[in-house]
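Structure first, then comments.
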Amino acid sequence: MSDPVAVSTPVPAVNSKNAEKKAAKRKENEARLALKAAAKASATIPSGEKKAKKEKEKEEEAPFVNTTPKGEKKDLSQPMASGYNPIAIESAWYDWWNAQGFFSPQLTKDGQIKPEGLFVIPSPPPNVTGSLHIGHALTVAIQDTLTRWNRMLGKTTLFVPGFDHAGISTQSVVEKRLYRTSGKTRHDLGREKFLETVWDWKNDYQHRITTQLHRLGGSYDWDRVAFTMDERLSKAVIETFCRLHDDGIIYRANRLVNWCVDMKDLTGRTFLHIPGYDIKEKFEFGVLTSFAYPIEGSDEKIIVATTRPETMLGDTAIAVHPDDPRYKHLHGKFAIHPFLSRRIPIITDAIVVDMEFGTGAVKITPAHDQNDYEVGVRHNLEFINILNDDGTFNANAGERFKGMKRFHARVAVVQALKDAGKSGDVIEPVLKPQWWVDCKPLAEEAIKRTRAGELSISPKASESEWYRWLEGIQDWCISRQLWWGHRCPAYFVRIEGQDQDSADGKHWVVGRTLEEATERAKKLAGNAKFTLEQDEDVLDTWFSSGLWPWSIMGWPENTPDFQRFYPSSILETGWDILFFWVARMVLLGIHLTGQMPFKEVLCHAMIRDAHGRKMSKSLGNVVDPIDVIQGLELELLHAKLLDGNLDEREITKAKLGQKKDFPKGIPQCGTDALRFALCAYSGGGRDINLEIMRVEGYRKFCNKIFQATKFAMLKLDEQFVPQPTAKLTGNESLVERWILDKLNFAAAEINRQLTDRNFMNATNAAYNFWLYELCDVYIEAMKPMTDESASETTRKSAQQTLYTCLDHGLRLLHPFMPFVTEELWQRLPRRPNDPTQSIMLASYPTFDTAFVSEDAERDFDLIFSAIKAGRGLASSYNIQNHLHLFVRAQTDAEASLFESQIPTMTALTKNCKSINVVRDLSSVPAGCGAAVLTSTIVMHILVRGQVDLYAEIVKCEKKLVIARINLEKIRKTEALPDYAETVPENVRLSNEEKLALPAIALISSPPP
């Protein structure tokens, strides 16, 4: 898949001894200080409290050890821990889910898709180049949220995991590691032995990535795990190549390709180490080398310049602009190559030459430069390849340079020019016969079907780019000069006695097997003798991954999986591989299967660091999701840099970056907090600037859920039995009907936002319900409803409402936070006759008209606004204890409402001594502060005796002055002759409401 930011793997113990020693020493010092502090404090702590404190500290400090046997259900018979520990909470559940088969698609008894529908998502296979980074965690968070949500909606779901062999990236990484550790290249090992080394790497990193995916909670069906070079997927690759070749879609042509792919942007003179050379050797890049070509039959010279002087050995022309007066006398003449005695024509080309740049003369190397290739085609120049496949120069470079490595030749050429008085790996274009895919007819069909509505693409910016790219599509080169990958199932038929050119496709056959290729070769050769030579090249990685949605289902066989689960429901990925991967799946899927491979494409944002920088190992800002889950000290974060391919200067720079971003290391956040944070960031933008502190904030949210549930369950006594279904009984209080209405709204909102793929809004709805409505309001308000003085009817109703909120609230959160929700939900009692084993199989809450209560929402919102006004008054007057509040309500209905809710208002107002409801101002005692709620409701707080009245009067007089100024502005505005016509209705209504407030009467009176 898309080349991920390479992430360093955990450092072996042998590489981190110093860090471990320092950590151990630090912990020893911290323990010694802690013992001193404890000894000092023990003199003042009673013995009973000492024991409890000691046990609590022991519980918190001891590292968690998972004692649950693999695949068995966690034992929750013990009381809940005193604090939230994500590592403990997240242990054991994943293995149990997997062992129980919960990740497998649930079918009906007769093996059919469930009536609720089907949801299939093929996971973009991560490269086996290295470990996952935080961008992969975003992918897992979004995709697994959608999968778990659809599963809870009752659908048959399938989330298929897999891995990509990543030909270029993996071979490059393994080659670099091989050279760094042994000083050998792949050519030293040979193809077979080298591939064994790559397979060992693949197995190691596939295991590491699998472990990471488990920790991230992805509910993949591991029975269907796929790898792009598995036997069954390789069969699909061979079938595709042969079928496209037979259809005339794949053809062979001799064109430029890039010989290697490690790219660097250089801003000036730079010295780089090149893989395959001595570790001490560095070569100069980014510098123009000028040299002179002698003109044939003359003492004149023409000067050219290049940043790749070694390529002059393959020069076949010098181009000048046809209008450049400096060189008009040279049109049609020849220069002489200083080392090869080659005649080099001087041609005119207005496209490639800029008269204002350099000398206005350009050397042309058609076989090793893309622009020069086009010039060579235009002017019918000779194409001279000077490179062998192992990076050494061939005989075309001349005996002097033959056999040299590229960059040794660079140095030698520059030195030779001087002597003659004429003066990651770097991409090197080279002319090669290649296999190509004719994409235009495929793209035309893809455009037609997309416009017809067979495929939706979001966000809209990606959709417009989709059409633009497909309309301008170029043919796709699928040959790669590598050893790691799917070898082309193409064979050159070498016919005895014939002069043949392997560059074109005339003497090539393809075959699904050697036998099939041989039969085709017989027809091609007639009665002549022949031998078959399989193409040494492998296929582009995107070619095999472009078959992903149907190859993982068993295609080209018509398997049950292919019949049931193809096409997929959605393809979710980063927008940066919309064309490299997604478009190619669409092009190939339509041609091979006749169907769009998926109905929807969702492109997520790219993760950058908190400063908006692209993540890079050399900057030290690449984040391993496991480090966020478990936490990692700064020293160990530094140590992980040593396991990469950075040089000493880059390591020093990266350490400084890590120290700046993570001065105390990365805090332990847990999987649930990380997933929730990544979803909360996903609102449709193209970039996410990830702040680890925000992830840590969601860890605190997890703790809030844990502590709230733990406290709430104390209110569910041993005799409590949930109702068979969640429904209203008619005994619910106002706050109960209000919280159930809010729960219903949250369910509707989350479902709506997930349907719209707005994960930010979905997480906001879940967060707001739990934090601001359930925890801050209902759990506090229900305390007097469940104490000893409450009636049995009141207590039971409050308990049932609490249970419904916990049960449904945890279900709402589960797709985002799978672990903590399972742990807490399993501790709740089950409704009678409910056989559900896991929260991931429980039904997802949806909008329920029975819970709609507009009057409860309206009335309690009024009550709660009064509570907040009372809190605000207490805060403004700095009154922290013994609050005496008065609600002045001018209508009978409002007075009755407030009188009925005094217990709830008292419970929700901290340190409230009394709340009284009065009908007129004369009933409010002197010495009160006030806050206006509506034109008929005012909140008062007794401040006399608790504050400096003179100072408060001064404050009030200042407020009055400002209020009178604002009042005068409104009256002047209303007095304008065209007020009704020019002022918007909402502004006029707002002005009317302000003038109707009871405080206006006081403001309107002249000051004493």
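Numbering starts fresh at 1 for the residues of each chain in the structure tokens, the chains themselves are lettered A, B, ... in the order given, and ligands are numbered from 1 as they appear.
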Write out as a compact mmCIF listing (two decimals) with C-alpha atoms, in the first residue's frame which residues come within 10 Å of Cys488 of chain A when counting only C-alpha atoms, dropping same-chain ones fewer than 4 positions away.
```
# COMPACT_ATOMS: atom_id res chain seq x y z
CA VAL A 237 -2.11 -11.95 -10.20
CA ILE A 238 -1.08 -14.47 -12.85
CA PHE A 241 -1.74 -10.57 -16.29
CA CYS A 242 -2.60 -13.34 -18.74
CA TRP A 435 5.26 -4.27 -19.69
CA ILE A 478 3.99 -2.56 -14.36
CA SER A 479 7.55 -3.94 -14.77
CA ARG A 480 9.98 -3.62 -11.88
CA VAL A 510 2.24 -15.50 -21.40
CA GLY A 511 1.01 -18.47 -19.45
CA GLN A 534 10.96 -16.19 -18.28
CA ASP A 535 11.11 -12.42 -17.76
CA GLU A 536 13.43 -11.59 -14.88
CA ASP A 537 11.30 -8.58 -13.84
CA VAL A 538 8.61 -8.62 -11.20
CA LEU A 539 5.30 -6.80 -11.28
CA ASP A 540 4.58 -3.45 -9.70
```
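Look at Ser219 of chain A: the protein and nucleic acid residues within 10 Å of it, using only C-alpha atoms and passing over chain neighbours fewer than 6 places away, are Tyr94, Trp97, Asn98, Phe102, Phe103, Ser104, Val140, Gln143, Asp144, Thr145, Thr147, Arg148, Leu158, Phe159, Val160, Pro161, Leu213, Pro818 and Met840 of chain A.
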Residues as selected, C-alpha atoms, written as an mmCIF file, in the first residue's frame, can you do that?
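This went into out_17.cif:
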```cif
data_model
loop_
_atom_site.group_PDB
_atom_site.id
_atom_site.type_symbol
_atom_site.label_atom_id
_atom_site.label_comp_id
_atom_site.auth_asym_id
_atom_site.auth_seq_id
_atom_site.Cartn_x
_atom_site.Cartn_y
_atom_site.Cartn_z
ATOM 1 C CA TYR A 94 -9.268 -9.283 22.241
ATOM 2 C CA TRP A 97 -13.443 -12.044 21.129
ATOM 3 C CA ASN A 98 -11.302 -13.771 18.525
ATOM 4 C CA PHE A 102 -17.195 -12.799 17.131
ATOM 5 C CA PHE A 103 -15.092 -11.316 14.298
ATOM 6 C CA SER A 104 -16.398 -13.788 11.734
ATOM 7 C CA VAL A 140 -7.780 1.132 12.029
ATOM 8 C CA GLN A 143 -12.501 1.313 9.766
ATOM 9 C CA ASP A 144 -13.087 -0.668 12.953
ATOM 10 C CA THR A 145 -15.512 1.960 14.245
ATOM 11 C CA THR A 147 -17.316 -2.286 11.328
ATOM 12 C CA ARG A 148 -18.343 -2.514 14.989
ATOM 13 C CA LEU A 158 -16.664 -8.813 7.361
ATOM 14 C CA PHE A 159 -13.465 -6.892 8.043
ATOM 15 C CA VAL A 160 -10.649 -8.598 6.123
ATOM 16 C CA PRO A 161 -7.042 -8.173 7.319
ATOM 17 C CA LEU A 213 -3.446 -4.563 15.042
ATOM 18 C CA PRO A 818 -14.082 -1.261 22.440
ATOM 19 C CA MET A 840 -19.911 -6.019 20.427
#
```
* Length of the atom CA of Gln630 of chain A to atom CA of Glu823 of chain A vector [Å] -> 18.4 Å
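The residue that comes closest to Phe851 of chain A, out of A:Thr671, A:Thr729, A:Asn85, A:Thr573 and on the basis of only C-alpha atoms, is A:Thr729.
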* To do: Go through segment 273-496 of chain A and collect every residue that DSSP, computed from the backbone, puts in strand (DSSP E); the answer should be as a PyMOL selection string.
  => chain A and resi 283-285+289-294+301-306+317-320+334-336+343-348+361-364+429-437+456-458+476-477+479-480+490-495
* Any chance you could list, as a ChimeraX atom specification, the residues in segment 578-821 of chain A that come up alpha helix (DSSP H) when DSSP is run on the backbone? => /A:584-593,625-630,634-640,648-661,671-681,692-714,734-755,759-768,779-781,792-813,818-821
* 6 Å contact set for Pro366 of chain A, only C-alpha atoms, chain neighbours under 6 positions out, as a list in words -> Asp372, Tyr373, Gly376 and Phe383 of chain A
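Between Ile142 of chain A and the residues A:Gly398, A:Gly167, A:Gly730, A:Gly218, the shortest atom-to-atom distance, using only C-alpha atoms, involves A:Gly218.
For the residues A:Leu634, A:Ile739, A:Leu897, A:Ala781, ranking by smallest atom-to-atom distance to Glu857 of chain A using only C-alpha atoms places A:Ile739 first.
Atom CA of Asn127 of chain A is positioned 27.6 Å from atom CA of His245 of chain A.
Here the question is which of A:Leu862, A:Ala677, A:Val628, A:Cys775 gets nearest to Leu734 of chain A using only C-alpha atoms, and that residue is A:Leu862.
With only C-alpha atoms as the atoms that count, the minimum distance from His136 of chain A to the choices A:Lys70, A:His638, A:Arg675, A:His882 is reached by A:Arg675.
You will find atom CA of Gly670 of chain A at 19.0 Å from atom CA of Trp770 of chain A.
Between Asn371 of chain A and the candidates A:Asp349, A:Glu600, A:Asp164, A:Glu356, the tightest atom-to-atom separation, counting only C-alpha atoms, involves A:Asp349.
Every protein, DNA or RNA residue with an atom at most 10 Å from Asp75 of chain A, where only C-alpha atoms count and chain neighbours fewer than 6 positions away do not, is listed here: Thr67, Thr68 and Ala92 of chain A.
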Selection file, C-alpha atoms, as an mmCIF file, in the first residue's frame:
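Output contents, as saved in selection_15.cif:
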```
data_model
loop_
_atom_site.group_PDB
_atom_site.id
_atom_site.type_symbol
_atom_site.label_atom_id
_atom_site.label_comp_id
_atom_site.auth_asym_id
_atom_site.auth_seq_id
_atom_site.Cartn_x
_atom_site.Cartn_y
_atom_site.Cartn_z
ATOM 1 C CA THR A 67 -3.418 -13.869 34.361
ATOM 2 C CA THR A 68 -6.321 -14.720 32.037
ATOM 3 C CA ALA A 92 -7.600 -10.478 27.551
#
```
Go through segment 840-921 of chain A residue by residue and, counting only C-alpha atoms, keep those with an atom at most 12 Å from segment 711-728 of chain A; for each kept residue give the shortest atom pair and its distance in Å to one decimal, ordered by chain and increasing number, as CSV.
```
residue,atom,partner,partner_atom,distance
A:Pro845,CA,A:Ala726,CA,10.6
A:Asp848,CA,A:Lys727,CA,9.6
A:Thr849,CA,A:Lys727,CA,10.5
A:Ala850,CA,A:Lys727,CA,7.2
A:Phe851,CA,A:Leu728,CA,7.4
A:Val852,CA,A:Leu728,CA,10.4
A:Ser853,CA,A:Leu728,CA,10.9
```
Quick one: write out the picked residues with C-alpha atoms as a CSV table (one decimal), in the first residue's frame?
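Generated output (part-v6.csv):
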```csv
chain,number,residue,atom,x,y,z
A,845,PRO,CA,-29.1,2.2,20.2
A,848,ASP,CA,-36.8,5.6,19.8
A,849,THR,CA,-40.0,7.7,19.7
A,850,ALA,CA,-41.0,6.4,23.1
A,851,PHE,CA,-38.1,8.3,24.7
A,852,VAL,CA,-39.0,11.6,23.0
A,853,SER,CA,-40.1,14.1,25.7
```
